[in-house]
Structure formats: C-alpha cells, structure tokens
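**Student:** Got a file for you: start-v8.cif, mmCIF, N, CA and C atoms.
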data_start
loop_
_atom_site.label_atom_id
_atom_site.label_comp_id
_atom_site.auth_asym_id
_atom_site.auth_seq_id
_atom_site.Cartn_x
_atom_site.Cartn_y
_atom_site.Cartn_z
N MET A 1 0.84 -1.19 0.00
CA MET A 1 0.00 0.00 0.00
C MET A 1 0.88 1.24 0.00
N THR A 2 0.42 2.27 -0.64
CA THR A 2 1.17 3.51 -0.79
C THR A 2 1.26 4.26 0.54
N GLN A 3 2.40 4.90 0.77
CA GLN A 3 2.62 5.71 1.97
C GLN A 3 1.62 6.87 2.01
N VAL A 4 0.98 7.07 3.15
CA VAL A 4 0.04 8.18 3.34
C VAL A 4 0.57 9.06 4.46
N THR A 5 0.60 10.36 4.19
CA THR A 5 1.05 11.34 5.19
C THR A 5 -0.06 12.36 5.38
N ILE A 6 -0.36 12.66 6.64
CA ILE A 6 -1.39 13.65 6.94
C ILE A 6 -0.86 14.64 7.97
N TYR A 7 -0.88 15.90 7.61
CA TYR A 7 -0.56 16.96 8.56
C TYR A 7 -1.87 17.30 9.25
N SER A 8 -1.83 17.34 10.60
CA SER A 8 -3.08 17.53 11.33
C SER A 8 -2.87 18.35 12.59
N SER A 9 -4.01 18.64 13.23
CA SER A 9 -4.06 19.35 14.49
C SER A 9 -4.97 18.56 15.43
N ASP A 10 -4.67 18.57 16.71
CA ASP A 10 -5.41 17.75 17.67
C ASP A 10 -6.91 18.01 17.71
N TYR A 11 -7.33 19.26 17.63
CA TYR A 11 -8.74 19.58 17.84
C TYR A 11 -9.48 19.93 16.56
N CYS A 12 -8.95 19.48 15.45
CA CYS A 12 -9.53 19.78 14.14
C CYS A 12 -10.53 18.67 13.76
N PRO A 13 -11.82 19.00 13.65
CA PRO A 13 -12.79 17.95 13.29
C PRO A 13 -12.57 17.38 11.89
N TYR A 14 -12.05 18.19 10.97
CA TYR A 14 -11.79 17.70 9.62
C TYR A 14 -10.62 16.71 9.62
N CYS A 15 -9.65 16.96 10.47
CA CYS A 15 -8.52 16.02 10.62
C CYS A 15 -9.04 14.69 11.15
N MET A 16 -9.92 14.77 12.14
CA MET A 16 -10.48 13.55 12.74
C MET A 16 -11.27 12.75 11.70
N ARG A 17 -12.06 13.44 10.88
CA ARG A 17 -12.85 12.76 9.84
C ARG A 17 -11.96 12.10 8.80
N ALA A 18 -10.91 12.81 8.40
CA ALA A 18 -10.00 12.25 7.39
C ALA A 18 -9.29 11.01 7.94
N LYS A 19 -8.80 11.10 9.18
CA LYS A 19 -8.12 9.95 9.78
C LYS A 19 -9.09 8.79 9.98
N GLN A 20 -10.34 9.11 10.31
CA GLN A 20 -11.35 8.07 10.49
C GLN A 20 -11.60 7.31 9.18
N LEU A 21 -11.69 8.05 8.07
CA LEU A 21 -11.91 7.39 6.77
C LEU A 21 -10.73 6.49 6.43
N LEU A 22 -9.52 7.00 6.60
CA LEU A 22 -8.34 6.19 6.30
C LEU A 22 -8.28 4.95 7.19
N SER A 23 -8.55 5.13 8.47
CA SER A 23 -8.52 4.00 9.41
C SER A 23 -9.59 2.97 9.07
N SER A 24 -10.77 3.43 8.64
CA SER A 24 -11.85 2.49 8.30
C SER A 24 -11.48 1.63 7.10
N LYS A 25 -10.54 2.12 6.29
CA LYS A 25 -10.07 1.35 5.13
C LYS A 25 -8.83 0.52 5.47
N GLY A 26 -8.42 0.57 6.73
CA GLY A 26 -7.25 -0.18 7.16
C GLY A 26 -5.94 0.42 6.69
N VAL A 27 -5.94 1.72 6.42
CA VAL A 27 -4.76 2.40 5.90
C VAL A 27 -3.92 2.94 7.07
N ALA A 28 -2.67 2.54 7.10
CA ALA A 28 -1.73 3.11 8.07
C ALA A 28 -1.23 4.43 7.48
N PHE A 29 -1.08 5.42 8.34
CA PHE A 29 -0.61 6.72 7.84
C PHE A 29 0.35 7.34 8.83
N GLU A 30 1.22 8.18 8.28
CA GLU A 30 2.13 8.96 9.11
C GLU A 30 1.43 10.27 9.42
N GLU A 31 1.28 10.56 10.70
CA GLU A 31 0.61 11.80 11.11
C GLU A 31 1.66 12.77 11.61
N ILE A 32 1.64 13.98 11.05
CA ILE A 32 2.55 15.03 11.47
C ILE A 32 1.70 16.14 12.06
N LYS A 33 1.83 16.35 13.37
CA LYS A 33 1.02 17.36 14.06
C LYS A 33 1.68 18.73 13.95
N VAL A 34 0.87 19.74 13.69
CA VAL A 34 1.38 21.10 13.53
C VAL A 34 1.12 21.97 14.75
N ASP A 35 0.40 21.44 15.73
CA ASP A 35 0.07 22.22 16.93
C ASP A 35 1.33 22.75 17.61
N GLY A 36 1.41 24.06 17.79
CA GLY A 36 2.53 24.67 18.49
C GLY A 36 3.86 24.53 17.78
N LYS A 37 3.81 24.22 16.48
CA LYS A 37 5.05 24.03 15.71
C LYS A 37 4.98 24.89 14.45
N PRO A 38 5.24 26.18 14.59
CA PRO A 38 5.11 27.08 13.44
C PRO A 38 5.99 26.69 12.25
N GLN A 39 7.17 26.13 12.50
CA GLN A 39 8.05 25.75 11.39
C GLN A 39 7.48 24.55 10.63
N VAL A 40 6.89 23.60 11.36
CA VAL A 40 6.28 22.43 10.71
C VAL A 40 5.09 22.89 9.86
N ARG A 41 4.27 23.80 10.43
CA ARG A 41 3.12 24.33 9.67
C ARG A 41 3.61 25.10 8.44
N ALA A 42 4.69 25.85 8.58
CA ALA A 42 5.24 26.61 7.44
C ALA A 42 5.75 25.65 6.37
N ASP A 43 6.40 24.57 6.77
CA ASP A 43 6.88 23.57 5.81
C ASP A 43 5.70 22.95 5.06
N MET A 44 4.63 22.62 5.81
CA MET A 44 3.43 22.05 5.20
C MET A 44 2.83 23.03 4.20
N ALA A 45 2.72 24.29 4.60
CA ALA A 45 2.12 25.32 3.74
C ALA A 45 2.93 25.50 2.46
N GLN A 46 4.25 25.42 2.57
CA GLN A 46 5.10 25.56 1.39
C GLN A 46 4.88 24.38 0.44
N LYS A 47 4.81 23.17 0.99
CA LYS A 47 4.62 21.98 0.17
C LYS A 47 3.21 21.92 -0.44
N ALA A 48 2.21 22.29 0.36
CA ALA A 48 0.81 22.14 -0.07
C ALA A 48 0.26 23.36 -0.79
N GLY A 49 0.84 24.53 -0.52
CA GLY A 49 0.26 25.76 -1.06
C GLY A 49 -1.00 26.15 -0.31
N ARG A 50 -1.22 25.54 0.85
CA ARG A 50 -2.38 25.83 1.71
C ARG A 50 -1.92 25.86 3.16
N THR A 51 -2.63 26.62 3.98
CA THR A 51 -2.25 26.72 5.39
C THR A 51 -3.18 25.95 6.30
N SER A 52 -4.29 25.46 5.79
CA SER A 52 -5.27 24.76 6.63
C SER A 52 -4.90 23.29 6.78
N VAL A 53 -5.38 22.70 7.88
CA VAL A 53 -5.22 21.26 8.08
C VAL A 53 -6.59 20.61 8.00
N PRO A 54 -6.65 19.35 7.62
CA PRO A 54 -5.52 18.50 7.29
C PRO A 54 -5.01 18.75 5.87
N GLN A 55 -3.78 18.38 5.65
CA GLN A 55 -3.21 18.30 4.30
C GLN A 55 -2.72 16.87 4.15
N ILE A 56 -3.15 16.23 3.08
CA ILE A 56 -2.94 14.80 2.92
C ILE A 56 -2.19 14.50 1.63
N TRP A 57 -1.19 13.63 1.75
CA TRP A 57 -0.46 13.12 0.60
C TRP A 57 -0.61 11.62 0.56
N ILE A 58 -0.87 11.10 -0.63
CA ILE A 58 -0.85 9.66 -0.86
C ILE A 58 0.28 9.44 -1.84
N GLY A 59 1.35 8.83 -1.34
CA GLY A 59 2.57 8.76 -2.14
C GLY A 59 3.07 10.18 -2.36
N THR A 60 3.33 10.51 -3.61
CA THR A 60 3.79 11.87 -3.93
C THR A 60 2.64 12.77 -4.38
N THR A 61 1.42 12.23 -4.37
CA THR A 61 0.24 12.99 -4.80
C THR A 61 -0.36 13.77 -3.64
N HIS A 62 -0.43 15.10 -3.80
CA HIS A 62 -1.08 15.92 -2.79
C HIS A 62 -2.58 15.85 -3.03
N VAL A 63 -3.29 15.21 -2.11
CA VAL A 63 -4.74 15.04 -2.23
C VAL A 63 -5.44 16.34 -1.86
N GLY A 64 -4.95 17.01 -0.83
CA GLY A 64 -5.60 18.22 -0.33
C GLY A 64 -6.09 17.97 1.07
N GLY A 65 -7.31 18.45 1.35
CA GLY A 65 -7.87 18.33 2.69
C GLY A 65 -8.90 17.23 2.81
N CYS A 66 -9.67 17.30 3.89
CA CYS A 66 -10.67 16.28 4.18
C CYS A 66 -11.73 16.19 3.08
N ASP A 67 -12.25 17.33 2.65
CA ASP A 67 -13.28 17.32 1.60
C ASP A 67 -12.74 16.68 0.31
N ASP A 68 -11.47 16.95 0.01
CA ASP A 68 -10.86 16.38 -1.20
C ASP A 68 -10.73 14.86 -1.07
N LEU A 69 -10.38 14.39 0.14
CA LEU A 69 -10.25 12.96 0.39
C LEU A 69 -11.60 12.27 0.23
N TYR A 70 -12.64 12.86 0.80
CA TYR A 70 -13.99 12.27 0.69
C TYR A 70 -14.51 12.34 -0.74
N ALA A 71 -14.13 13.37 -1.49
CA ALA A 71 -14.54 13.46 -2.90
C ALA A 71 -13.92 12.32 -3.70
N LEU A 72 -12.66 11.99 -3.42
CA LEU A 72 -12.02 10.85 -4.09
C LEU A 72 -12.75 9.56 -3.75
N GLU A 73 -13.14 9.42 -2.49
CA GLU A 73 -13.86 8.21 -2.06
C GLU A 73 -15.21 8.11 -2.78
N ARG A 74 -15.96 9.22 -2.84
CA ARG A 74 -17.27 9.22 -3.51
C ARG A 74 -17.14 8.92 -5.00
N ALA A 75 -16.04 9.37 -5.60
CA ALA A 75 -15.82 9.15 -7.03
C ALA A 75 -15.27 7.75 -7.32
N GLY A 76 -14.99 6.99 -6.26
CA GLY A 76 -14.46 5.64 -6.44
C GLY A 76 -13.00 5.61 -6.84
N LYS A 77 -12.27 6.70 -6.58
CA LYS A 77 -10.87 6.79 -6.99
C LYS A 77 -9.87 6.62 -5.86
N LEU A 78 -10.35 6.64 -4.62
CA LEU A 78 -9.42 6.62 -3.48
C LEU A 78 -8.69 5.29 -3.38
N ASP A 79 -9.41 4.17 -3.51
CA ASP A 79 -8.77 2.86 -3.37
C ASP A 79 -7.66 2.67 -4.41
N ALA A 80 -7.89 3.10 -5.64
CA ALA A 80 -6.88 2.96 -6.69
C ALA A 80 -5.63 3.77 -6.35
N LEU A 81 -5.83 4.96 -5.80
CA LEU A 81 -4.69 5.80 -5.43
C LEU A 81 -3.94 5.17 -4.26
N LEU A 82 -4.67 4.62 -3.31
CA LEU A 82 -4.02 3.99 -2.14
C LEU A 82 -3.24 2.74 -2.53
N ASN A 83 -3.69 2.05 -3.55
CA ASN A 83 -3.06 0.79 -3.96
C ASN A 83 -2.14 0.92 -5.16
N ALA A 84 -1.85 2.15 -5.57
CA ALA A 84 -1.00 2.38 -6.75
C ALA A 84 0.42 1.92 -6.49
#
Can I see the file as structure tokens?

**Tutor:**
Amino acid sequence: MTQVTIYSSDYCPYCMRAKQLLSSKGVAFEEIKVDGKPQVRADMAQKAGRTSVPQIWIGTTHVGGCDDLYALERAGKLDALLNA
C-alpha cells in the first residue's frame, strides 16, 4: 500500500474525519502534528500551497484536505490511489 502522510491538528474535526476514513479502510498513515510548531506548519504550507489542516499526501500525490479525500472516495478513486 502507498505511503500516506497527513498533517493535522489535535482539535480539528476535519482532521479527525480524514483519519477516520483512512482507518476504516485499514490504511496506516504517518501523522505530522502542527500544533505549536510554526516551522512544521510553514513547511506544510510551502509543500501544499495551503495553510489549513488536514493536508494529505498519498505517495507523492497531494490530495488536499478532508473534503478532497472524501470526494475521491465518492468518485471511487481513493482505493486505486491507495493501492497504486
């Protein structure tokens, strides 16, 4: 299975939803928390072009945030990306 990385914050409901979807599919992911870490958040923002969390990568593909992850799932494209 492809490496999944998610930048998140402890009290972010969108982060929780994204992690819940990934976990329900049995996907292990690397979680990088940005709480109280301005440099980590700045690195994420530079890579993603966005400052909000979550920011999710599947392999080298930047998926985006929670809504983007769920859109891939609804379109039936998430499993193919995870198993690429």

**Student:** Suppose a student applies the PyMOL selection byres ((chain A and resi 1-18) around 6) to this structure; what residues should they get, written as a list in words?

**Tutor:**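 When the PyMOL selection byres ((chain A and resi 1-18) around 6) is applied to the shown file, the picked residues are Lys19, Gln20, Leu21, Leu22, Ser23, Ala28, Phe29, Glu30, Glu31, Ile32, Lys33, Val34, Asp35, Val53, Pro54, Gln55, Ile56, Trp57, Ile58, Gly59, Cys66, Leu82, Asn83 and Ala84 of chain A.
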
**Student:** What does the structure give for the distance between CA of Arg41 in chain A and atom N of Asp67 in chain A, in Å to one decimal?

**Tutor:**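 Taking CA of Arg41 in chain A and atom N of Asp67 in chain A, their separation equals 18.3 Å.
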
**Student:** DSSP on the backbone, strand (DSSP E) only: what residues of chain A does that give? Format it as a list in words.

**Tutor:**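 Here is the list: Val4, Thr5, Ile6, Tyr7, Ser8, Glu30, Glu31, Ile32, Lys33, Gln55, Ile56, Trp57, Ile58, Thr61, His62, Val63 and Gly64 of chain A.
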
**Student:** Find, counting only C-alpha atoms, the residue in A:Asp68, A:Val27, A:His62, A:Leu81 that gets nearest to Met44 in chain A.

**Tutor:** A:His62

**Student:** Run DSSP on the backbone of this structure and report the residues of chain A it assigns to helix (DSSP H, G or I), as a ChimeraX atom specification.

**Tutor:** /A:13-24,38-48,66-74,78-82

**Student:** Using Å and a single decimal, report how far atom C of Gly65 in chain A sits from CA of Gly26 in chain A.

**Tutor:**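 Interatomic distance here is 18.0 Å.
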
**Student:** Could I get range 48-59 of chain A rebuilt with all heavy atoms, written as a short mmCIF file (atom, residue, chain, number, x, y, z; two decimals), in the coordinates of the input?

**Tutor:**
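The new file rebuild34.cif reads:
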data_model
loop_
_atom_site.label_atom_id
_atom_site.label_comp_id
_atom_site.auth_asym_id
_atom_site.auth_seq_id
_atom_site.Cartn_x
_atom_site.Cartn_y
_atom_site.Cartn_z
N ALA A 48 2.21 22.29 0.36
CA ALA A 48 0.81 22.14 -0.07
C ALA A 48 0.26 23.36 -0.79
O ALA A 48 -0.71 23.25 -1.54
CB ALA A 48 -0.07 21.84 1.14
N GLY A 49 0.84 24.53 -0.52
CA GLY A 49 0.26 25.76 -1.06
C GLY A 49 -1.00 26.15 -0.31
O GLY A 49 -1.77 26.99 -0.77
N ARG A 50 -1.22 25.54 0.85
CA ARG A 50 -2.38 25.83 1.71
C ARG A 50 -1.92 25.86 3.16
O ARG A 50 -0.97 25.18 3.52
CB ARG A 50 -3.45 24.74 1.57
CG ARG A 50 -4.00 24.56 0.19
CD ARG A 50 -5.04 23.46 0.21
NE ARG A 50 -5.51 23.12 -1.13
CZ ARG A 50 -6.38 22.16 -1.37
NH1 ARG A 50 -6.86 21.43 -0.38
NH2 ARG A 50 -6.77 21.91 -2.61
N THR A 51 -2.63 26.62 3.98
CA THR A 51 -2.25 26.72 5.39
C THR A 51 -3.18 25.95 6.30
O THR A 51 -2.90 25.80 7.48
CB THR A 51 -2.22 28.19 5.84
OG1 THR A 51 -3.52 28.76 5.62
CG2 THR A 51 -1.17 28.98 5.10
N SER A 52 -4.29 25.46 5.79
CA SER A 52 -5.27 24.76 6.63
C SER A 52 -4.90 23.29 6.78
O SER A 52 -4.19 22.72 5.96
CB SER A 52 -6.66 24.88 6.02
OG SER A 52 -6.67 24.29 4.73
N VAL A 53 -5.38 22.70 7.88
CA VAL A 53 -5.22 21.26 8.08
C VAL A 53 -6.59 20.61 8.00
O VAL A 53 -7.59 21.27 8.24
CB VAL A 53 -4.56 20.95 9.46
CG1 VAL A 53 -3.11 21.33 9.44
CG2 VAL A 53 -5.27 21.60 10.61
N PRO A 54 -6.65 19.35 7.62
CA PRO A 54 -5.52 18.50 7.29
C PRO A 54 -5.01 18.75 5.87
O PRO A 54 -5.74 19.28 5.03
CB PRO A 54 -6.11 17.09 7.37
CG PRO A 54 -7.54 17.26 6.95
CD PRO A 54 -7.93 18.61 7.51
N GLN A 55 -3.78 18.38 5.65
CA GLN A 55 -3.21 18.30 4.30
C GLN A 55 -2.72 16.87 4.15
O GLN A 55 -1.98 16.37 5.00
CB GLN A 55 -2.09 19.31 4.10
CG GLN A 55 -2.57 20.76 4.06
CD GLN A 55 -3.59 21.02 2.97
OE1 GLN A 55 -3.44 20.55 1.84
NE2 GLN A 55 -4.64 21.76 3.29
N ILE A 56 -3.15 16.23 3.08
CA ILE A 56 -2.94 14.80 2.92
C ILE A 56 -2.19 14.50 1.63
O ILE A 56 -2.53 15.05 0.58
CB ILE A 56 -4.31 14.07 2.90
CG1 ILE A 56 -5.10 14.41 4.16
CG2 ILE A 56 -4.13 12.57 2.74
CD1 ILE A 56 -6.60 14.20 4.04
N TRP A 57 -1.19 13.63 1.75
CA TRP A 57 -0.46 13.12 0.60
C TRP A 57 -0.61 11.62 0.56
O TRP A 57 -0.50 10.95 1.58
CB TRP A 57 1.03 13.45 0.70
CG TRP A 57 1.39 14.83 0.29
CD1 TRP A 57 1.85 15.22 -0.94
CD2 TRP A 57 1.34 16.02 1.08
NE1 TRP A 57 2.08 16.57 -0.94
CE2 TRP A 57 1.76 17.09 0.28
CE3 TRP A 57 0.96 16.27 2.39
CZ2 TRP A 57 1.83 18.39 0.74
CZ3 TRP A 57 1.02 17.57 2.85
CH2 TRP A 57 1.45 18.61 2.03
N ILE A 58 -0.87 11.10 -0.63
CA ILE A 58 -0.85 9.66 -0.86
C ILE A 58 0.28 9.44 -1.84
O ILE A 58 0.20 9.85 -3.00
CB ILE A 58 -2.20 9.15 -1.39
CG1 ILE A 58 -3.31 9.43 -0.37
CG2 ILE A 58 -2.11 7.65 -1.72
CD1 ILE A 58 -4.71 9.07 -0.83
N GLY A 59 1.35 8.83 -1.34
CA GLY A 59 2.57 8.76 -2.14
C GLY A 59 3.07 10.18 -2.36
O GLY A 59 3.16 10.97 -1.43
#
